[in-house]
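Asker: For reference, the structure I am asking about is given below.
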2 protein chains.
Amino acid sequence: MKVKISTARKQEIIEGFYNLSKMNGLENTSIAKIGKHLDMPPSLIMHYFPTRDILISSLIEYILEQYLLIFEPITKELEEKKDIDLSIIVETLFSRNWNLLFDDGVFYSCYAMIFRNEQIKNDYRILHEKLRESLKEILDNNREMEGRDTTMLAEQIFVVVEGAYYYLSMIVDEASYNQKVDYFKKQVYDLLRKNDLRVL
Amino acid sequence: MKVKISTARKQEIIEGFYNLSKMNGLENTSIAKIGKHLDMPPSLIMHYFPTRDILISSLIEYILEQYLLIFEPITKELEEKKDIDLSIIVETLFSRNWNLLFDDGVFYSCYAMIFRNEQIKNDYRILHEKLRESLKEILDNNREMEGRDTTMLAEQIFVVVEGAYYYLSMIVDEASYNQKVDYFKKQVYDLLRKNDLRVL
DNA sequence: TTTTAAATTGAATACTCATTCAATAAAATA
DNA sequence: TATTTTATTGAATGAGTATTCAATTTAAAA
């Protein structure tokens, strides 16, 4: 029980940090502001997170956890059905769930830190490897994928998904947004059925 | 002449801002620090860029200009040769020129701002559209591409390139870095020669 | 040369920042 | 219950922040 109150507080602080960053941007979210937001003196925040760097590391940990969660529904479904229709995967990857569950502004602000912090870079890499491994497992469980290089396939599919999310975030116009999504979905479907072509 | 000195100073300030951000991160680069770096009082910086927001907007303008420059060699070569081998394009897209000419940390820090600033979002979108249009033009000038939907193709190729740069930035291990690059190059080559498959 | 405008300086502003500290309150352990 | 550990508070620190302003130097226009 003693440990419970401290972890709950930590969680509360991280979530407050995340929510404020969502609104004002990570770079404009100070410890004092988090304190005001949560009705808590800044010194209490520093009690649980001794330095700002530690606080940010914890935020990133939290964000990457959340990010991984988005993929969980598919993984769950796989365990039950043992053989998922591939179109469900594609549609899920391109559904806007990611954006809704998740703030891309904070995500990319944190992402930008990988270029100056090896630890953060490593955390990000591990997350992205996990996502690819999950997809590979799902593909391996599909009979249509027999004989395919599913490691490569998972890499190639995710590179489209990640490129798409990067690029689509700039597109406001709904019509062209939808058209581009169609392009990218088609691209992934082509990847999935490409084995006819392997001779080349 | 009178106007020249002011534009030169502005350029100097922006470049100082960019270079410091490269080292310390955008969020840690203050006007005072830029001033110290350039041996110039902060008030002079504020004379040319009345607010920090304006300074940041100008930095982004500068960055996007640089980004566009990377593609210029290809466009130049096109104008001369009128018919470029497609492999040159692919190799150029995946060459590490981009990273060398350019700091991804600053780029993504700025990118993260598109989620809270419509103007910046718009600037980024326009840049990315330009890149796609350049590629489309190059493809259109290639006889192998006759009858192909080069608009879609340019979108699909760039989504791979952008996804790749996003993802590869996390990869330190050289062997796996190279393997992934191979995957993505192959993916683009497949896109380029895919027309055999159009029946499906 | 005189006048006018732009460039540059340095000091001062009020504010926010992360962090420290000693004191108190609450809870867990003995 | 008494004691020890943990949680919480509020005030204070000094350094850093963007921005303002009046004064001065430099250069262009007349």
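FYI, nothing fancy with the structure tokens labels: chains A, B, ... in order, residues from 1 per chain, ligands from 1 as they appear.
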Output as a list in words the set of chain C residues within 10 Å of chain A, with distances taken over only C-alpha atoms (C1' of nucleotides).

Answerer: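 That gives DT16, DC17, DA18, DT19, DT20, DA27 and DA28 of chain C for chain C.
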
Asker: Could you list the residues in chain A lying within 12 Å of chain D, using only C-alpha atoms (C1' of nucleotides), and format the result as number ranges by chain?

Answerer: A: 1-6, 9, 39-48

Asker: Report as a tab-separated table the residues of chain B within 9 Å of chain A, each with its shortest atom pair and distance in Å (one decimal), using only C-alpha atoms, ordered by chain and increasing residue number.

Answerer:
```
residue	atom	partner	partner_atom	distance
B:Met23	CA	A:Arg116	CA	8.3
B:Asn24	CA	A:Arg116	CA	8.0
B:Gly25	CA	A:Arg116	CA	7.6
B:Glu27	CA	A:Glu27	CA	6.1
B:Asp103	CA	A:Phe115	CA	8.9
B:Asp104	CA	A:Phe115	CA	7.3
B:Gly105	CA	A:Ala112	CA	5.1
B:Val106	CA	A:Ala112	CA	7.4
B:Phe107	CA	A:Ala112	CA	8.1
B:Tyr108	CA	A:Ala112	CA	5.3
B:Ser109	CA	A:Ala112	CA	5.4
B:Cys110	CA	A:Ser109	CA	8.6
B:Tyr111	CA	A:Tyr108	CA	7.6
B:Ala112	CA	A:Gly105	CA	5.1
B:Met113	CA	A:Gly105	CA	6.8
B:Ile114	CA	A:Met170	CA	7.2
B:Phe115	CA	A:Gly105	CA	5.3
B:Arg116	CA	A:Gly105	CA	7.5
B:Lys121	CA	A:Met170	CA	5.6
B:Asn122	CA	A:Met170	CA	7.0
B:Tyr124	CA	A:Met170	CA	6.9
B:Arg125	CA	A:Met170	CA	5.3
B:His128	CA	A:Tyr167	CA	8.0
B:Met152	CA	A:Tyr183	CA	6.4
B:Leu153	CA	A:Tyr183	CA	8.6
B:Glu155	CA	A:Tyr183	CA	7.6
B:Gln156	CA	A:Phe184	CA	6.5
B:Phe158	CA	A:Gly163	CA	7.9
B:Val159	CA	A:Gly163	CA	4.7
B:Val160	CA	A:Val160	CA	5.4
B:Val161	CA	A:Gly163	CA	7.4
B:Glu162	CA	A:Gly163	CA	5.1
B:Gly163	CA	A:Gly163	CA	3.5
B:Ala164	CA	A:Val159	CA	5.8
B:Tyr165	CA	A:Gly163	CA	8.6
B:Tyr166	CA	A:Gly163	CA	7.5
B:Tyr167	CA	A:Val159	CA	7.3
B:Ser169	CA	A:Phe115	CA	7.8
B:Met170	CA	A:Arg125	CA	5.3
B:Ile171	CA	A:Arg125	CA	6.8
B:Val172	CA	A:Asn122	CA	8.9
B:Lys180	CA	A:Glu155	CA	7.6
B:Tyr183	CA	A:Met152	CA	6.4
B:Phe184	CA	A:Gln156	CA	6.6
B:Gln187	CA	A:Gln156	CA	7.0
B:Leu191	CA	A:Gln187	CA	8.5
B:Lys194	CA	A:Leu197	CA	8.6
B:Asp196	CA	A:Leu197	CA	8.7
B:Leu197	CA	A:Leu197	CA	7.8
```

Asker: Store the residues of this selection in a file with C-alpha atoms, as a compact mmCIF listing (two decimals), in the first residue's frame.

Answerer:
```txt
# COMPACT_ATOMS: atom_id res chain seq x y z
CA MET B 23 23.99 21.46 -31.09
CA ASN B 24 21.67 22.10 -28.16
CA GLY B 25 18.20 21.50 -29.49
CA GLU B 27 13.98 24.29 -27.28
CA ASP B 103 19.97 18.33 -39.16
CA ASP B 104 17.02 16.06 -38.55
CA GLY B 105 16.69 17.03 -34.90
CA VAL B 106 15.87 20.62 -35.78
CA PHE B 107 13.75 19.52 -38.70
CA TYR B 108 11.52 17.29 -36.59
CA SER B 109 11.34 19.81 -33.75
CA CYS B 110 9.92 22.26 -36.25
CA TYR B 111 7.75 19.58 -37.77
CA ALA B 112 6.15 18.97 -34.37
CA MET B 113 4.88 22.54 -34.46
CA ILE B 114 2.55 21.85 -37.39
CA PHE B 115 0.14 20.37 -34.88
CA ARG B 116 -0.34 23.69 -33.11
CA LYS B 121 1.52 23.20 -41.19
CA ASN B 122 0.80 24.95 -44.44
CA TYR B 124 5.38 22.10 -44.53
CA ARG B 125 2.58 20.85 -46.76
CA HIS B 128 6.17 18.28 -49.50
CA MET B 152 0.10 8.24 -57.31
CA LEU B 153 3.53 6.80 -57.89
CA GLU B 155 3.08 9.88 -53.51
CA GLN B 156 3.84 6.22 -52.91
CA PHE B 158 7.83 9.56 -51.12
CA VAL B 159 5.84 7.93 -48.40
CA VAL B 160 8.44 5.18 -48.37
CA VAL B 161 11.28 7.68 -48.37
CA GLU B 162 9.81 9.71 -45.53
CA GLY B 163 8.87 6.67 -43.52
CA ALA B 164 12.37 5.32 -44.07
CA TYR B 165 14.07 8.47 -42.86
CA TYR B 166 11.84 8.57 -39.83
CA TYR B 167 12.55 4.97 -38.93
CA SER B 169 17.07 7.62 -37.63
CA MET B 170 16.58 5.23 -34.73
CA ILE B 171 18.88 2.56 -36.08
CA VAL B 172 22.46 2.73 -34.87
CA LYS B 180 16.63 -1.98 -43.91
CA TYR B 183 14.38 -3.44 -48.07
CA PHE B 184 13.16 0.07 -48.77
CA GLN B 187 10.27 -1.57 -52.25
CA LEU B 191 6.77 0.28 -57.18
CA LYS B 194 4.84 -2.71 -60.94
CA ASP B 196 2.90 -5.68 -65.16
CA LEU B 197 0.65 -6.24 -62.21
```

Asker: Distance CA of Gln66 in chain A-CA of Ile89 in chain A, one decimal place?

Answerer: 18.9 Å

Asker: Grab the CA of Tyr62 in chain A to CA of Glu15 in chain A distance for me, in Å with one decimal place.

Answerer: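 Separating CA of Tyr62 in chain A from CA of Glu15 in chain A is a distance of 8.4 Å.
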
Asker: Mind pulling up the distance from CA of Leu20 in chain B to CA of Ser95 in chain B?

Answerer: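 Atom-to-atom, CA of Ser95 in chain B to CA of Leu20 in chain B, that is 25.5 Å.
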
Asker: Excluding same-chain residues fewer than 6 positions from Phe71 in chain B, what lies within 9 Å of it counting only C-alpha atoms (C1' of nucleotides), as a PyMOL selection string?

Answerer: chain B and resi 92-93+131+134

Asker: Save out the residues we just selected, all heavy atoms, as a PDB file, in the first residue's frame.

Answerer:
```pdb
ATOM      1  N   THR B  92      19.599   8.343 -55.164  1.00  0.00           N
ATOM      2  CA  THR B  92      19.690   9.693 -54.588  1.00  0.00           C
ATOM      3  C   THR B  92      18.737   9.863 -53.420  1.00  0.00           C
ATOM      4  O   THR B  92      19.087  10.436 -52.385  1.00  0.00           O
ATOM      5  CB  THR B  92      19.362  10.750 -55.659  1.00  0.00           C
ATOM      6  OG1 THR B  92      20.136  10.492 -56.826  1.00  0.00           O
ATOM      7  CG2 THR B  92      19.663  12.138 -55.143  1.00  0.00           C
ATOM      8  N   LEU B  93      17.528   9.349 -53.586  1.00  0.00           N
ATOM      9  CA  LEU B  93      16.535   9.486 -52.512  1.00  0.00           C
ATOM     10  C   LEU B  93      17.011   8.828 -51.223  1.00  0.00           C
ATOM     11  O   LEU B  93      16.711   9.297 -50.128  1.00  0.00           O
ATOM     12  CB  LEU B  93      15.200   8.873 -52.946  1.00  0.00           C
ATOM     13  CG  LEU B  93      14.397   9.668 -53.975  1.00  0.00           C
ATOM     14  CD1 LEU B  93      13.212   8.851 -54.471  1.00  0.00           C
ATOM     15  CD2 LEU B  93      13.916  10.984 -53.380  1.00  0.00           C
ATOM     16  N   LEU B 131       8.054  18.679 -53.543  1.00  0.00           N
ATOM     17  CA  LEU B 131       8.920  17.519 -53.733  1.00  0.00           C
ATOM     18  C   LEU B 131       8.238  16.466 -54.593  1.00  0.00           C
ATOM     19  O   LEU B 131       8.844  15.890 -55.499  1.00  0.00           O
ATOM     20  CB  LEU B 131       9.301  16.923 -52.375  1.00  0.00           C
ATOM     21  CG  LEU B 131      10.240  17.760 -51.506  1.00  0.00           C
ATOM     22  CD1 LEU B 131      10.461  17.087 -50.164  1.00  0.00           C
ATOM     23  CD2 LEU B 131      11.576  17.970 -52.210  1.00  0.00           C
ATOM     24  N   SER B 134       8.065  17.605 -58.241  1.00  0.00           N
ATOM     25  CA  SER B 134       9.355  17.427 -58.903  1.00  0.00           C
ATOM     26  C   SER B 134       9.533  15.981 -59.342  1.00  0.00           C
ATOM     27  O   SER B 134       9.916  15.702 -60.481  1.00  0.00           O
ATOM     28  CB  SER B 134      10.499  17.802 -57.950  1.00  0.00           C
ATOM     29  OG  SER B 134      10.485  19.169 -57.687  1.00  0.00           O
TER      30      SER B 134
END
```

Asker: Write out as a PyMOL selection string the residues lying within 10 Å of Asp149 in chain B, counting only C-alpha atoms (C1' of nucleotides) and excluding same-chain residues fewer than 4 positions away.

Answerer: chain B and resi 136+139-140+145+153-154+195
